[in-house]
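**Student:** Quick one, entry-v7.cif (mmCIF, C-alpha atoms and all ligand atoms):
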```cif
data_final
#
loop_
_atom_site.group_PDB
_atom_site.id
_atom_site.type_symbol
_atom_site.label_atom_id
_atom_site.label_comp_id
_atom_site.auth_asym_id
_atom_site.auth_seq_id
_atom_site.Cartn_x
_atom_site.Cartn_y
_atom_site.Cartn_z
ATOM 1 C CA MET A 1 0.000 0.000 0.000
ATOM 2 C CA SER A 2 1.139 3.492 -0.663
ATOM 3 C CA CYS A 3 1.859 6.074 1.975
ATOM 4 C CA SER A 4 -1.295 8.099 1.361
ATOM 5 C CA LYS A 5 -3.467 4.979 1.716
ATOM 6 C CA TRP A 6 -1.789 4.088 5.003
ATOM 7 C CA ARG A 7 -2.563 7.592 6.230
ATOM 8 C CA TRP A 8 -6.259 7.055 5.503
ATOM 9 C CA VAL A 9 -6.273 3.656 7.214
ATOM 10 C CA SER A 10 -4.429 4.833 10.321
ATOM 11 C CA SER A 11 -6.452 8.022 10.739
ATOM 12 C CA GLY A 12 -9.636 6.009 10.239
ATOM 13 C CA MET A 13 -8.574 3.580 12.970
ATOM 14 C CA GLU A 14 -7.772 6.485 15.277
ATOM 15 C CA THR A 15 -11.102 8.188 14.652
ATOM 16 C CA VAL A 16 -13.240 5.041 14.896
ATOM 17 C CA GLY A 17 -11.328 3.836 17.967
ATOM 18 C CA ALA A 18 -11.672 7.190 19.733
ATOM 19 C CA LEU A 19 -15.383 7.465 18.920
ATOM 20 C CA LEU A 20 -16.162 3.926 20.037
ATOM 21 C CA LEU A 21 -14.097 4.469 23.173
ATOM 22 C CA LEU A 22 -16.127 7.567 24.044
ATOM 23 C CA ILE A 23 -19.405 5.778 23.357
ATOM 24 C CA THR A 24 -18.543 2.659 25.365
ATOM 25 C CA PHE A 25 -17.184 4.808 28.175
ATOM 26 C CA PHE A 26 -20.465 6.710 28.287
ATOM 27 C CA VAL A 27 -22.654 3.630 28.085
ATOM 28 C CA GLN A 28 -20.732 1.468 30.529
ATOM 29 C CA ARG A 29 -19.448 4.303 32.760
ATOM 30 C CA GLY A 30 -15.930 2.977 33.057
ATOM 31 C CA TRP A 31 -13.396 0.621 31.610
ATOM 32 C CA SER A 32 -14.486 -2.676 30.161
ATOM 33 C CA LEU A 33 -13.084 -5.208 27.706
ATOM 34 C CA VAL A 34 -14.848 -3.368 24.883
ATOM 35 C CA SER A 35 -13.470 0.043 25.781
ATOM 36 C CA ILE A 36 -9.981 -1.429 26.182
ATOM 37 C CA ALA A 37 -10.328 -2.956 22.704
ATOM 38 C CA CYS A 38 -11.369 0.457 21.347
ATOM 39 C CA ALA A 39 -8.387 2.106 23.032
ATOM 40 C CA ALA A 40 -6.150 -0.573 21.526
ATOM 41 C CA LEU A 41 -7.594 0.142 18.076
ATOM 42 C CA MET A 42 -6.928 3.846 18.524
ATOM 43 C CA LEU A 43 -3.365 3.228 19.727
ATOM 44 C CA ALA A 44 -2.772 0.839 16.839
ATOM 45 C CA GLY A 45 -3.873 3.586 14.434
ATOM 46 C CA ILE A 46 -1.467 6.026 16.055
ATOM 47 C CA ALA A 47 1.356 3.482 15.958
ATOM 48 C CA LEU A 48 0.569 2.648 12.339
ATOM 49 C CA SER A 49 0.687 6.302 11.353
ATOM 50 C CA ALA A 50 4.012 6.730 13.147
ATOM 51 C CA VAL A 51 5.488 3.752 11.277
ATOM 52 C CA LYS A 52 3.842 4.014 7.879
ATOM 53 C CA CYS A 53 3.150 7.717 7.342
ATOM 54 C CA ARG A 54 6.559 8.743 6.147
ATOM 55 C CA CYS A 55 7.646 10.217 2.885
ATOM 56 C CA PRO A 56 9.037 7.349 0.776
ATOM 57 C CA VAL A 57 11.836 9.565 -0.497
ATOM 58 C CA CYS A 58 13.029 11.820 2.333
ATOM 59 C CA ARG A 59 11.596 9.632 5.177
ATOM 60 C CA ARG A 60 10.121 12.630 6.980
ATOM 61 C CA TYR A 61 7.152 11.980 9.241
ATOM 62 C CA LEU A 62 3.886 13.260 7.766
ATOM 63 C CA SER A 63 2.094 14.573 10.821
ATOM 64 C CA GLY A 64 -1.513 15.627 11.214
ATOM 65 C CA ARG A 65 -0.572 19.042 9.879
ATOM 66 C CA VAL A 66 -0.168 17.511 6.438
ATOM 67 C CA PRO A 67 -3.681 17.120 4.976
ATOM 68 C CA LEU A 68 -4.857 13.583 4.223
ATOM 69 C CA SER A 69 -5.641 14.618 0.684
ATOM 70 C CA ALA A 70 -2.027 15.632 0.061
ATOM 71 C CA THR A 71 -0.552 13.730 -2.842
ATOM 72 C CA ARG A 72 2.923 15.192 -2.563
ATOM 73 C CA CYS A 73 5.417 15.406 0.259
ATOM 74 C CA PRO A 74 5.401 18.974 1.682
ATOM 75 C CA PHE A 75 9.129 18.717 2.370
ATOM 76 C CA CYS A 76 10.626 17.364 -0.825
ATOM 77 C CA GLY A 77 7.692 17.312 -3.261
ATOM 78 C CA ALA A 78 7.865 13.564 -3.926
ATOM 79 C CA SER A 79 4.640 11.765 -4.825
ATOM 80 C CA LEU A 80 3.079 9.996 -1.840
ATOM 81 C CA SER A 81 0.806 7.754 -3.870
ATOM 82 C CA GLU A 82 3.603 5.840 -5.566
ATOM 83 C CA GLU A 83 5.089 2.767 -3.994
ATOM 84 C CA LYS A 84 8.188 2.255 -6.065
ATOM 85 C CA ALA A 85 10.404 4.426 -3.871
ATOM 86 C CA ALA A 86 9.130 2.907 -0.629
ATOM 87 C CA HIS A 87 11.769 0.174 -0.526
ATOM 88 C CA LYS A 88 15.393 1.076 -0.597
HETATM 89 ZN ZN ZN B 1 9.651 13.886 1.150
#
```
Rewrite the structure from the file as structure tokens, please.
**Tutor:**
Amino acid sequence: MSCSKWRWVSSGMETVGALLLLITFFVQRGWSLVSIACAALMLAGIALSAVKCRCPVCRRYLSGRVPLSATRCPFCGASLSEEKAAHK
């Protein structure tokens, strides 16, 4: 998968995990197996973004300040949707 796709996946996991965590916390008024699973999903999304959301060329971390719709690295201008440069 390309970098920009990983960004969508990881931010989706973060958002869904955070939302579900809030909902389960509200409904169950505390920690439960479900809310822990939601927190784990959210943390996995954050970890995934930290590992996968890097420019394939200059290896800079693409933080939340870089819009998800960005197709080019804001630092070096390399395309984020291509996979060929991902492996060196
Ligand atoms: Zn770059």
**Student:** Give me the result of the PyMOL selection byres (((chain A and resi 5-11) around 10) and not hetatm) on this file, residue by residue, as JSON, numbers by chain.
**Tutor:** {"A": [1, 2, 3, 4, 12, 13, 14, 15, 16, 17, 41, 42, 43, 44, 45, 46, 47, 48, 49, 50, 51, 52, 53, 54, 62, 63, 64, 67, 68, 69, 80, 81]}
**Student:** Just C-alpha atoms for this one: save the residues we selected as a PDB file, keeping the file's coordinate frame.
**Tutor:**
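And here is the file that came out, selection-v1.pdb:
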```
ATOM      1  CA  MET A   1       0.000   0.000   0.000  1.00  0.00           C
ATOM      2  CA  SER A   2       1.139   3.492  -0.663  1.00  0.00           C
ATOM      3  CA  CYS A   3       1.859   6.074   1.975  1.00  0.00           C
ATOM      4  CA  SER A   4      -1.295   8.099   1.361  1.00  0.00           C
ATOM      5  CA  GLY A  12      -9.636   6.009  10.239  1.00  0.00           C
ATOM      6  CA  MET A  13      -8.574   3.580  12.970  1.00  0.00           C
ATOM      7  CA  GLU A  14      -7.772   6.485  15.277  1.00  0.00           C
ATOM      8  CA  THR A  15     -11.102   8.188  14.652  1.00  0.00           C
ATOM      9  CA  VAL A  16     -13.240   5.041  14.896  1.00  0.00           C
ATOM     10  CA  GLY A  17     -11.328   3.836  17.967  1.00  0.00           C
ATOM     11  CA  LEU A  41      -7.594   0.142  18.076  1.00  0.00           C
ATOM     12  CA  MET A  42      -6.928   3.846  18.524  1.00  0.00           C
ATOM     13  CA  LEU A  43      -3.365   3.228  19.727  1.00  0.00           C
ATOM     14  CA  ALA A  44      -2.772   0.839  16.839  1.00  0.00           C
ATOM     15  CA  GLY A  45      -3.873   3.586  14.434  1.00  0.00           C
ATOM     16  CA  ILE A  46      -1.467   6.026  16.055  1.00  0.00           C
ATOM     17  CA  ALA A  47       1.356   3.482  15.958  1.00  0.00           C
ATOM     18  CA  LEU A  48       0.569   2.648  12.339  1.00  0.00           C
ATOM     19  CA  SER A  49       0.687   6.302  11.353  1.00  0.00           C
ATOM     20  CA  ALA A  50       4.012   6.730  13.147  1.00  0.00           C
ATOM     21  CA  VAL A  51       5.488   3.752  11.277  1.00  0.00           C
ATOM     22  CA  LYS A  52       3.842   4.014   7.879  1.00  0.00           C
ATOM     23  CA  CYS A  53       3.150   7.717   7.342  1.00  0.00           C
ATOM     24  CA  ARG A  54       6.559   8.743   6.147  1.00  0.00           C
ATOM     25  CA  LEU A  62       3.886  13.260   7.766  1.00  0.00           C
ATOM     26  CA  SER A  63       2.094  14.573  10.821  1.00  0.00           C
ATOM     27  CA  GLY A  64      -1.513  15.627  11.214  1.00  0.00           C
ATOM     28  CA  PRO A  67      -3.681  17.120   4.976  1.00  0.00           C
ATOM     29  CA  LEU A  68      -4.857  13.583   4.223  1.00  0.00           C
ATOM     30  CA  SER A  69      -5.641  14.618   0.684  1.00  0.00           C
ATOM     31  CA  LEU A  80       3.079   9.996  -1.840  1.00  0.00           C
ATOM     32  CA  SER A  81       0.806   7.754  -3.870  1.00  0.00           C
TER      33      SER A  81
END
```
**Student:** Counting only C-alpha atoms and all ligand atoms, which protein, DNA or RNA residues come within 7 Å of ligand ZN 1 (chain B), given as a VMD selection string?
**Tutor:** chain A and resid 55 to 60 73 to 78
**Student:** To one decimal place, how far is atom CA of A:Leu33 from atom CA of A:Leu19 in Å?
**Tutor:**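 That distance, rounded to one decimal, is 15.6 Å.
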**Student:** Do you have the atom CA of A:Cys38-atom CA of A:Phe26 distance handy?
**Tutor:**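 Computing the Euclidean distance for atom CA of A:Cys38 and atom CA of A:Phe26 yields 13.0 Å.
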**Student:** Tell me which of A:Val66, A:Arg72, A:Glu82, A:Leu21 sits closest to A:Ala37, counting all atoms listed in the file.
**Tutor:** A:Leu21
**Student:** Considering only C-alpha atoms, can you say which of A:Ser79, A:Val27, A:Leu22, A:Arg65 comes closest to A:Ala39?
**Tutor:**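 Among the listed residues, the smallest separation from A:Ala39 belongs to A:Leu22.
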**Student:** Output as a PDB file, in the coordinates of the input: stretch 41-76 of chain A, completed with N, CA and C atoms.
**Tutor:**
```pdb
ATOM      1  N   LEU A  41      -7.428  -0.192  19.489  1.00  0.00           N
ATOM      2  CA  LEU A  41      -7.594   0.142  18.076  1.00  0.00           C
ATOM      3  C   LEU A  41      -7.060   1.537  17.800  1.00  0.00           C
ATOM      4  N   MET A  42      -7.380   2.478  18.692  1.00  0.00           N
ATOM      5  CA  MET A  42      -6.928   3.846  18.524  1.00  0.00           C
ATOM      6  C   MET A  42      -5.408   3.921  18.596  1.00  0.00           C
ATOM      7  N   LEU A  43      -4.819   3.220  19.577  1.00  0.00           N
ATOM      8  CA  LEU A  43      -3.365   3.228  19.727  1.00  0.00           C
ATOM      9  C   LEU A  43      -2.694   2.563  18.528  1.00  0.00           C
ATOM     10  N   ALA A  44      -3.333   1.507  18.010  1.00  0.00           N
ATOM     11  CA  ALA A  44      -2.772   0.839  16.839  1.00  0.00           C
ATOM     12  C   ALA A  44      -2.766   1.792  15.648  1.00  0.00           C
ATOM     13  N   GLY A  45      -3.833   2.601  15.519  1.00  0.00           N
ATOM     14  CA  GLY A  45      -3.873   3.586  14.434  1.00  0.00           C
ATOM     15  C   GLY A  45      -2.770   4.605  14.571  1.00  0.00           C
ATOM     16  N   ILE A  46      -2.528   5.047  15.814  1.00  0.00           N
ATOM     17  CA  ILE A  46      -1.467   6.026  16.055  1.00  0.00           C
ATOM     18  C   ILE A  46      -0.104   5.407  15.742  1.00  0.00           C
ATOM     19  N   ALA A  47       0.086   4.159  16.204  1.00  0.00           N
ATOM     20  CA  ALA A  47       1.356   3.482  15.958  1.00  0.00           C
ATOM     21  C   ALA A  47       1.569   3.266  14.459  1.00  0.00           C
ATOM     22  N   LEU A  48       0.487   2.890  13.775  1.00  0.00           N
ATOM     23  CA  LEU A  48       0.569   2.648  12.339  1.00  0.00           C
ATOM     24  C   LEU A  48       0.961   3.928  11.604  1.00  0.00           C
ATOM     25  N   SER A  49       0.362   5.052  12.022  1.00  0.00           N
ATOM     26  CA  SER A  49       0.687   6.302  11.353  1.00  0.00           C
ATOM     27  C   SER A  49       2.136   6.683  11.616  1.00  0.00           C
ATOM     28  N   ALA A  50       2.627   6.386  12.831  1.00  0.00           N
ATOM     29  CA  ALA A  50       4.012   6.730  13.147  1.00  0.00           C
ATOM     30  C   ALA A  50       4.981   5.896  12.317  1.00  0.00           C
ATOM     31  N   VAL A  51       4.586   4.643  12.012  1.00  0.00           N
ATOM     32  CA  VAL A  51       5.488   3.752  11.277  1.00  0.00           C
ATOM     33  C   VAL A  51       5.346   3.952   9.772  1.00  0.00           C
ATOM     34  N   LYS A  52       4.096   4.059   9.319  1.00  0.00           N
ATOM     35  CA  LYS A  52       3.842   4.014   7.879  1.00  0.00           C
ATOM     36  C   LYS A  52       3.752   5.377   7.211  1.00  0.00           C
ATOM     37  N   CYS A  53       3.407   6.419   7.968  1.00  0.00           N
ATOM     38  CA  CYS A  53       3.150   7.717   7.342  1.00  0.00           C
ATOM     39  C   CYS A  53       4.426   8.527   7.232  1.00  0.00           C
ATOM     40  N   ARG A  54       5.319   8.029   6.399  1.00  0.00           N
ATOM     41  CA  ARG A  54       6.559   8.743   6.147  1.00  0.00           C
ATOM     42  C   ARG A  54       6.732   8.906   4.654  1.00  0.00           C
ATOM     43  N   CYS A  55       7.374   9.993   4.301  1.00  0.00           N
ATOM     44  CA  CYS A  55       7.646  10.217   2.885  1.00  0.00           C
ATOM     45  C   CYS A  55       8.549   9.100   2.388  1.00  0.00           C
ATOM     46  N   PRO A  56       8.210   8.452   1.267  1.00  0.00           N
ATOM     47  CA  PRO A  56       9.037   7.349   0.776  1.00  0.00           C
ATOM     48  C   PRO A  56      10.405   7.803   0.297  1.00  0.00           C
ATOM     49  N   VAL A  57      10.562   9.081   0.040  1.00  0.00           N
ATOM     50  CA  VAL A  57      11.836   9.565  -0.497  1.00  0.00           C
ATOM     51  C   VAL A  57      12.714  10.172   0.600  1.00  0.00           C
ATOM     52  N   CYS A  58      12.185  11.147   1.338  1.00  0.00           N
ATOM     53  CA  CYS A  58      13.029  11.820   2.333  1.00  0.00           C
ATOM     54  C   CYS A  58      12.811  11.263   3.736  1.00  0.00           C
ATOM     55  N   ARG A  59      11.867  10.333   3.922  1.00  0.00           N
ATOM     56  CA  ARG A  59      11.596   9.632   5.177  1.00  0.00           C
ATOM     57  C   ARG A  59      11.115  10.557   6.284  1.00  0.00           C
ATOM     58  N   ARG A  60      10.633  11.739   5.946  1.00  0.00           N
ATOM     59  CA  ARG A  60      10.121  12.630   6.980  1.00  0.00           C
ATOM     60  C   ARG A  60       8.736  12.169   7.418  1.00  0.00           C
ATOM     61  N   TYR A  61       8.447  12.371   8.701  1.00  0.00           N
ATOM     62  CA  TYR A  61       7.152  11.980   9.241  1.00  0.00           C
ATOM     63  C   TYR A  61       6.084  12.968   8.782  1.00  0.00           C
ATOM     64  N   LEU A  62       4.986  12.429   8.231  1.00  0.00           N
ATOM     65  CA  LEU A  62       3.886  13.260   7.766  1.00  0.00           C
ATOM     66  C   LEU A  62       2.866  13.356   8.890  1.00  0.00           C
ATOM     67  N   SER A  63       2.930  14.429   9.634  1.00  0.00           N
ATOM     68  CA  SER A  63       2.094  14.573  10.821  1.00  0.00           C
ATOM     69  C   SER A  63       0.684  14.988  10.442  1.00  0.00           C
ATOM     70  N   GLY A  64      -0.137  15.216  11.443  1.00  0.00           N
ATOM     71  CA  GLY A  64      -1.513  15.627  11.214  1.00  0.00           C
ATOM     72  C   GLY A  64      -1.625  16.975  10.546  1.00  0.00           C
ATOM     73  N   ARG A  65      -0.530  17.734  10.525  1.00  0.00           N
ATOM     74  CA  ARG A  65      -0.572  19.042   9.879  1.00  0.00           C
ATOM     75  C   ARG A  65      -0.596  18.910   8.363  1.00  0.00           C
ATOM     76  N   VAL A  66      -0.127  17.755   7.875  1.00  0.00           N
ATOM     77  CA  VAL A  66      -0.168  17.511   6.438  1.00  0.00           C
ATOM     78  C   VAL A  66      -1.542  16.945   6.106  1.00  0.00           C
ATOM     79  N   PRO A  67      -2.316  17.609   5.252  1.00  0.00           N
ATOM     80  CA  PRO A  67      -3.681  17.120   4.976  1.00  0.00           C
ATOM     81  C   PRO A  67      -3.688  15.722   4.390  1.00  0.00           C
ATOM     82  N   LEU A  68      -4.742  14.953   4.716  1.00  0.00           N
ATOM     83  CA  LEU A  68      -4.857  13.583   4.223  1.00  0.00           C
ATOM     84  C   LEU A  68      -4.938  13.537   2.709  1.00  0.00           C
ATOM     85  N   SER A  69      -5.460  14.614   2.133  1.00  0.00           N
ATOM     86  CA  SER A  69      -5.641  14.618   0.684  1.00  0.00           C
ATOM     87  C   SER A  69      -4.354  14.962  -0.053  1.00  0.00           C
ATOM     88  N   ALA A  70      -3.283  15.260   0.704  1.00  0.00           N
ATOM     89  CA  ALA A  70      -2.027  15.632   0.061  1.00  0.00           C
ATOM     90  C   ALA A  70      -1.500  14.471  -0.773  1.00  0.00           C
ATOM     91  N   THR A  71      -1.106  14.779  -1.987  1.00  0.00           N
ATOM     92  CA  THR A  71      -0.552  13.730  -2.842  1.00  0.00           C
ATOM     93  C   THR A  71       0.960  13.869  -2.974  1.00  0.00           C
ATOM     94  N   ARG A  72       1.482  14.993  -2.471  1.00  0.00           N
ATOM     95  CA  ARG A  72       2.923  15.192  -2.563  1.00  0.00           C
ATOM     96  C   ARG A  72       3.509  15.550  -1.207  1.00  0.00           C
ATOM     97  N   CYS A  73       4.731  15.112  -0.985  1.00  0.00           N
ATOM     98  CA  CYS A  73       5.417  15.406   0.259  1.00  0.00           C
ATOM     99  C   CYS A  73       5.613  16.915   0.385  1.00  0.00           C
ATOM    100  N   PRO A  74       5.233  17.524   1.529  1.00  0.00           N
ATOM    101  CA  PRO A  74       5.401  18.974   1.682  1.00  0.00           C
ATOM    102  C   PRO A  74       6.856  19.374   1.862  1.00  0.00           C
ATOM    103  N   PHE A  75       7.723  18.403   2.120  1.00  0.00           N
ATOM    104  CA  PHE A  75       9.129  18.717   2.370  1.00  0.00           C
ATOM    105  C   PHE A  75       9.981  18.620   1.111  1.00  0.00           C
ATOM    106  N   CYS A  76       9.770  17.555   0.346  1.00  0.00           N
ATOM    107  CA  CYS A  76      10.626  17.364  -0.825  1.00  0.00           C
ATOM    108  C   CYS A  76       9.829  17.314  -2.117  1.00  0.00           C
TER     109      CYS A  76
END
```
